[in-house]
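**Student:** One file is attached below, entry.cif, containing mmCIF, N, CA and C atoms.
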```
data_work
loop_
_atom_site.label_atom_id
_atom_site.label_comp_id
_atom_site.auth_asym_id
_atom_site.auth_seq_id
_atom_site.Cartn_x
_atom_site.Cartn_y
_atom_site.Cartn_z
N MET A 1 -15.83 3.49 4.78
CA MET A 1 -14.79 3.91 3.85
C MET A 1 -13.69 4.63 4.63
N THR A 2 -12.47 4.36 4.27
CA THR A 2 -11.32 4.90 4.98
C THR A 2 -10.92 6.28 4.48
N THR A 3 -10.32 7.04 5.36
CA THR A 3 -9.73 8.32 4.96
C THR A 3 -8.26 8.14 4.61
N HIS A 4 -7.76 6.92 4.77
CA HIS A 4 -6.34 6.63 4.56
C HIS A 4 -6.10 6.03 3.18
N GLY A 5 -6.62 6.68 2.16
CA GLY A 5 -6.39 6.26 0.79
C GLY A 5 -5.16 6.94 0.22
N PRO A 6 -4.65 6.42 -0.90
CA PRO A 6 -3.46 7.01 -1.49
C PRO A 6 -3.75 8.31 -2.25
N VAL A 7 -2.83 9.25 -2.14
CA VAL A 7 -2.85 10.47 -2.95
C VAL A 7 -1.86 10.24 -4.09
N LEU A 8 -2.41 10.16 -5.28
CA LEU A 8 -1.58 9.87 -6.45
C LEU A 8 -1.16 11.16 -7.13
N PRO A 9 -0.04 11.23 -7.77
CA PRO A 9 0.90 10.16 -8.08
C PRO A 9 2.03 10.01 -7.07
N VAL A 10 1.94 10.66 -5.92
CA VAL A 10 3.06 10.60 -4.96
C VAL A 10 2.90 9.50 -3.93
N TRP A 11 1.74 8.86 -3.87
CA TRP A 11 1.49 7.73 -3.00
C TRP A 11 1.73 8.06 -1.53
N THR A 12 1.16 9.19 -1.10
CA THR A 12 1.12 9.51 0.32
C THR A 12 -0.30 9.27 0.81
N CYS A 13 -0.46 9.17 2.11
CA CYS A 13 -1.76 8.89 2.69
C CYS A 13 -2.58 10.18 2.81
N ALA A 14 -3.81 10.13 2.34
CA ALA A 14 -4.70 11.29 2.42
C ALA A 14 -5.11 11.57 3.86
N GLY A 15 -5.06 10.58 4.72
CA GLY A 15 -5.50 10.75 6.09
C GLY A 15 -4.44 11.28 7.03
N CYS A 16 -3.19 10.84 6.83
CA CYS A 16 -2.16 11.22 7.79
C CYS A 16 -0.87 11.76 7.16
N GLY A 17 -0.76 11.68 5.84
CA GLY A 17 0.41 12.22 5.15
C GLY A 17 1.62 11.31 5.10
N ALA A 18 1.53 10.14 5.72
CA ALA A 18 2.65 9.18 5.70
C ALA A 18 2.70 8.50 4.33
N PRO A 19 3.82 7.86 4.02
CA PRO A 19 3.86 7.07 2.79
C PRO A 19 2.77 6.01 2.82
N TRP A 20 2.06 5.86 1.70
CA TRP A 20 0.97 4.89 1.63
C TRP A 20 1.49 3.54 1.20
N PRO A 21 1.07 2.45 1.78
CA PRO A 21 0.06 2.31 2.81
C PRO A 21 0.63 2.62 4.20
N CYS A 22 -0.02 3.53 4.88
CA CYS A 22 0.41 3.92 6.23
C CYS A 22 0.06 2.80 7.22
N ARG A 23 0.50 2.95 8.43
CA ARG A 23 0.24 1.94 9.46
C ARG A 23 -1.26 1.67 9.63
N THR A 24 -2.05 2.74 9.67
CA THR A 24 -3.50 2.58 9.84
C THR A 24 -4.10 1.82 8.67
N ARG A 25 -3.73 2.18 7.45
CA ARG A 25 -4.29 1.50 6.28
C ARG A 25 -3.85 0.04 6.24
N ARG A 26 -2.64 -0.25 6.64
CA ARG A 26 -2.19 -1.64 6.68
C ARG A 26 -3.06 -2.46 7.63
N GLN A 27 -3.36 -1.90 8.78
CA GLN A 27 -4.22 -2.60 9.74
C GLN A 27 -5.61 -2.80 9.16
N GLU A 28 -6.13 -1.77 8.50
CA GLU A 28 -7.45 -1.88 7.87
C GLU A 28 -7.46 -2.96 6.79
N LEU A 29 -6.42 -2.96 5.97
CA LEU A 29 -6.33 -3.94 4.89
C LEU A 29 -6.23 -5.36 5.44
N GLN A 30 -5.43 -5.54 6.50
CA GLN A 30 -5.32 -6.87 7.09
C GLN A 30 -6.68 -7.35 7.61
N ALA A 31 -7.45 -6.44 8.19
CA ALA A 31 -8.78 -6.81 8.69
C ALA A 31 -9.73 -7.10 7.52
N GLU A 32 -9.66 -6.28 6.47
CA GLU A 32 -10.54 -6.47 5.31
C GLU A 32 -10.27 -7.78 4.58
N TYR A 33 -9.00 -8.14 4.50
CA TYR A 33 -8.59 -9.33 3.75
C TYR A 33 -8.22 -10.48 4.68
N ASP A 34 -8.76 -10.50 5.88
CA ASP A 34 -8.42 -11.49 6.88
C ASP A 34 -8.52 -12.92 6.36
N GLU A 35 -9.55 -13.19 5.61
CA GLU A 35 -9.78 -14.54 5.09
C GLU A 35 -9.22 -14.73 3.68
N ALA A 36 -8.55 -13.73 3.15
CA ALA A 36 -8.06 -13.81 1.77
C ALA A 36 -6.67 -13.18 1.63
N PRO A 37 -5.65 -13.77 2.26
CA PRO A 37 -4.31 -13.17 2.22
C PRO A 37 -3.71 -13.13 0.81
N VAL A 38 -4.04 -14.09 -0.03
CA VAL A 38 -3.52 -14.08 -1.40
C VAL A 38 -4.12 -12.91 -2.18
N SER A 39 -5.39 -12.63 -1.96
CA SER A 39 -6.03 -11.49 -2.61
C SER A 39 -5.39 -10.19 -2.16
N LEU A 40 -5.05 -10.09 -0.88
CA LEU A 40 -4.37 -8.90 -0.37
C LEU A 40 -3.01 -8.74 -1.05
N ALA A 41 -2.27 -9.84 -1.17
CA ALA A 41 -0.96 -9.78 -1.82
C ALA A 41 -1.09 -9.35 -3.28
N LEU A 42 -2.10 -9.86 -3.97
CA LEU A 42 -2.32 -9.47 -5.37
C LEU A 42 -2.69 -7.99 -5.47
N TYR A 43 -3.55 -7.53 -4.57
CA TYR A 43 -3.93 -6.12 -4.56
C TYR A 43 -2.73 -5.22 -4.30
N MET A 44 -1.93 -5.58 -3.29
CA MET A 44 -0.76 -4.76 -2.97
C MET A 44 0.27 -4.82 -4.08
N GLY A 45 0.38 -5.97 -4.74
CA GLY A 45 1.29 -6.07 -5.89
C GLY A 45 0.86 -5.15 -7.02
N SER A 46 -0.44 -5.06 -7.26
CA SER A 46 -0.92 -4.16 -8.31
C SER A 46 -0.69 -2.70 -7.93
N CYS A 47 -0.82 -2.40 -6.66
CA CYS A 47 -0.52 -1.04 -6.19
C CYS A 47 0.96 -0.72 -6.37
N MET A 48 1.81 -1.72 -6.10
CA MET A 48 3.24 -1.50 -6.27
C MET A 48 3.59 -1.24 -7.73
N VAL A 49 2.97 -1.97 -8.64
CA VAL A 49 3.22 -1.75 -10.07
C VAL A 49 2.81 -0.33 -10.46
N ALA A 50 1.66 0.11 -10.00
CA ALA A 50 1.20 1.47 -10.30
C ALA A 50 2.14 2.50 -9.69
N ALA A 51 2.59 2.25 -8.47
CA ALA A 51 3.52 3.18 -7.82
C ALA A 51 4.85 3.23 -8.57
N CYS A 52 5.30 2.09 -9.07
CA CYS A 52 6.55 2.07 -9.85
C CYS A 52 6.42 2.94 -11.10
N GLN A 53 5.26 2.92 -11.71
CA GLN A 53 5.04 3.74 -12.89
C GLN A 53 4.98 5.22 -12.51
N ASP A 54 4.34 5.53 -11.39
CA ASP A 54 4.21 6.92 -10.96
C ASP A 54 5.51 7.48 -10.39
N MET A 55 6.27 6.62 -9.74
CA MET A 55 7.49 7.07 -9.05
C MET A 55 8.71 6.33 -9.60
N GLY A 56 8.97 6.52 -10.87
CA GLY A 56 10.08 5.85 -11.52
C GLY A 56 11.42 6.16 -10.91
N TRP A 57 11.51 7.22 -10.15
CA TRP A 57 12.75 7.62 -9.49
C TRP A 57 13.01 6.84 -8.21
N ALA A 58 11.99 6.18 -7.67
CA ALA A 58 12.14 5.47 -6.39
C ALA A 58 12.80 4.11 -6.61
N PRO A 59 13.72 3.72 -5.73
CA PRO A 59 14.35 2.41 -5.86
C PRO A 59 13.33 1.28 -5.74
N ALA A 60 13.44 0.30 -6.62
CA ALA A 60 12.48 -0.80 -6.64
C ALA A 60 12.45 -1.55 -5.31
N GLY A 61 13.59 -1.72 -4.67
CA GLY A 61 13.64 -2.43 -3.39
C GLY A 61 12.85 -1.74 -2.30
N SER A 62 12.93 -0.42 -2.27
CA SER A 62 12.18 0.30 -1.24
C SER A 62 10.68 0.23 -1.51
N LEU A 63 10.28 0.27 -2.78
CA LEU A 63 8.86 0.12 -3.10
C LEU A 63 8.36 -1.28 -2.78
N HIS A 64 9.19 -2.28 -3.02
CA HIS A 64 8.81 -3.65 -2.69
C HIS A 64 8.59 -3.79 -1.18
N ARG A 65 9.51 -3.28 -0.38
CA ARG A 65 9.35 -3.33 1.08
C ARG A 65 8.11 -2.57 1.52
N ARG A 66 7.89 -1.43 0.92
CA ARG A 66 6.75 -0.58 1.31
C ARG A 66 5.40 -1.22 1.01
N PHE A 67 5.28 -1.84 -0.16
CA PHE A 67 3.99 -2.37 -0.59
C PHE A 67 3.80 -3.85 -0.25
N LEU A 68 4.86 -4.61 -0.22
CA LEU A 68 4.73 -6.05 0.00
C LEU A 68 5.48 -6.57 1.23
N GLY A 69 6.48 -5.85 1.67
CA GLY A 69 7.32 -6.33 2.76
C GLY A 69 6.60 -6.51 4.08
N TRP A 70 5.51 -5.84 4.29
CA TRP A 70 4.79 -5.93 5.57
C TRP A 70 3.78 -7.09 5.60
N LEU A 71 3.56 -7.72 4.47
CA LEU A 71 2.61 -8.84 4.43
C LEU A 71 3.22 -10.07 5.09
N ALA A 72 2.43 -10.74 5.89
CA ALA A 72 2.94 -11.94 6.57
C ALA A 72 2.23 -13.18 6.10
#
```
Can the structure from this file be put into structure tokens for me?
**Tutor:**
Amino acid sequence: MTTHGPVLPVWTCAGCGAPWPCRTRRQELQAEYDEAPVSLALYMGSCMVAACQDMGWAPAGSLHRRFLGWLA
């Protein structure tokens, strides 16, 4: 289990304090979902929707880049 989980409702990393998903968590997620990239995209999309609800003040474009922009 990772220490780099999100601290809600501000969506910072519990492990390092960076915006979640932090670099470490992104690497962990890529390894966890190595054989299932569509599932990773769906998971991150659901996280983005939750973050949009929690952080209504944040620009949608920046949340999209943060949660989905790093997926390849």
**Student:** To one decimal in Å, tell me the separation between atom C of Ala58 (chain A) and atom C of Glu32 (chain A).
**Tutor:**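 Taking atom C of Ala58 (chain A) and atom C of Glu32 (chain A), their separation equals 28.3 Å.
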**Student:** Would you please give, as a list in words, all residues of chain A that DSSP assigns to strand (DSSP E or B) based on the backbone?
**Tutor:**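 The residues of chain A classed as strand (DSSP E or B) are Pro6, Val7, Thr12, Cys13 and Pro19 of chain A.
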**Student:** Quick one: residues within 12 Å of region 9-13 of chain A, only C-alpha atoms counted, chain neighbours fewer than 3 positions away excluded, as a ChimeraX atom specification?
**Tutor:** /A:2-6,16-26,47-58,63,66-67
**Student:** Step one, run DSSP on the backbone; step two, keep only residues of chain A assigned to alpha helix (DSSP H); then write them as an MDAnalysis selection string.
**Tutor:** chainID A and resid 23:32 37:54 60:67
**Student:** Go ahead and compute the interatomic distance for CA of Leu8 (chain A) and atom C of Ala31 (chain A), in Å to one decimal.
**Tutor:**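 These two atoms are separated by 23.4 Å.
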**Student:** Around region 64-72 of chain A, fit a box with edges along x, y and z, padding it by 3 Å on each side, then list its centre and edge lengths in Å to one decimal as JSON.
**Tutor:**
```
{"center_x": 5.9, "center_y": -6.9, "center_z": 1.8, "size_x": 13.3, "size_y": 18.6, "size_z": 15.6}
```
**Student:** With only C-alpha atoms counted, which protein, DNA or RNA residues have an atom no more than 12 Å from (5.7, -10.3, 7.9) in the file frame? Please answer as a PyMOL selection string.
**Tutor:** chain A and resi 26+30+37+41+65-72
**Student:** If you measure from CA of Tyr43 (chain A) to CA of Ala14 (chain A), what distance in Å do you get, rounded to one decimal?
**Tutor:**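 We find that CA of Tyr43 (chain A) and CA of Ala14 (chain A) lie 18.8 Å from each other.
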**Student:** Just checking: using only C-alpha atoms, which residue out of A:Leu29, A:Met1, A:Val7, A:His64 ends up closest to Gly45 (chain A)?
**Tutor:**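 Answer, going by the shortest atom-to-atom distance: A:His64.
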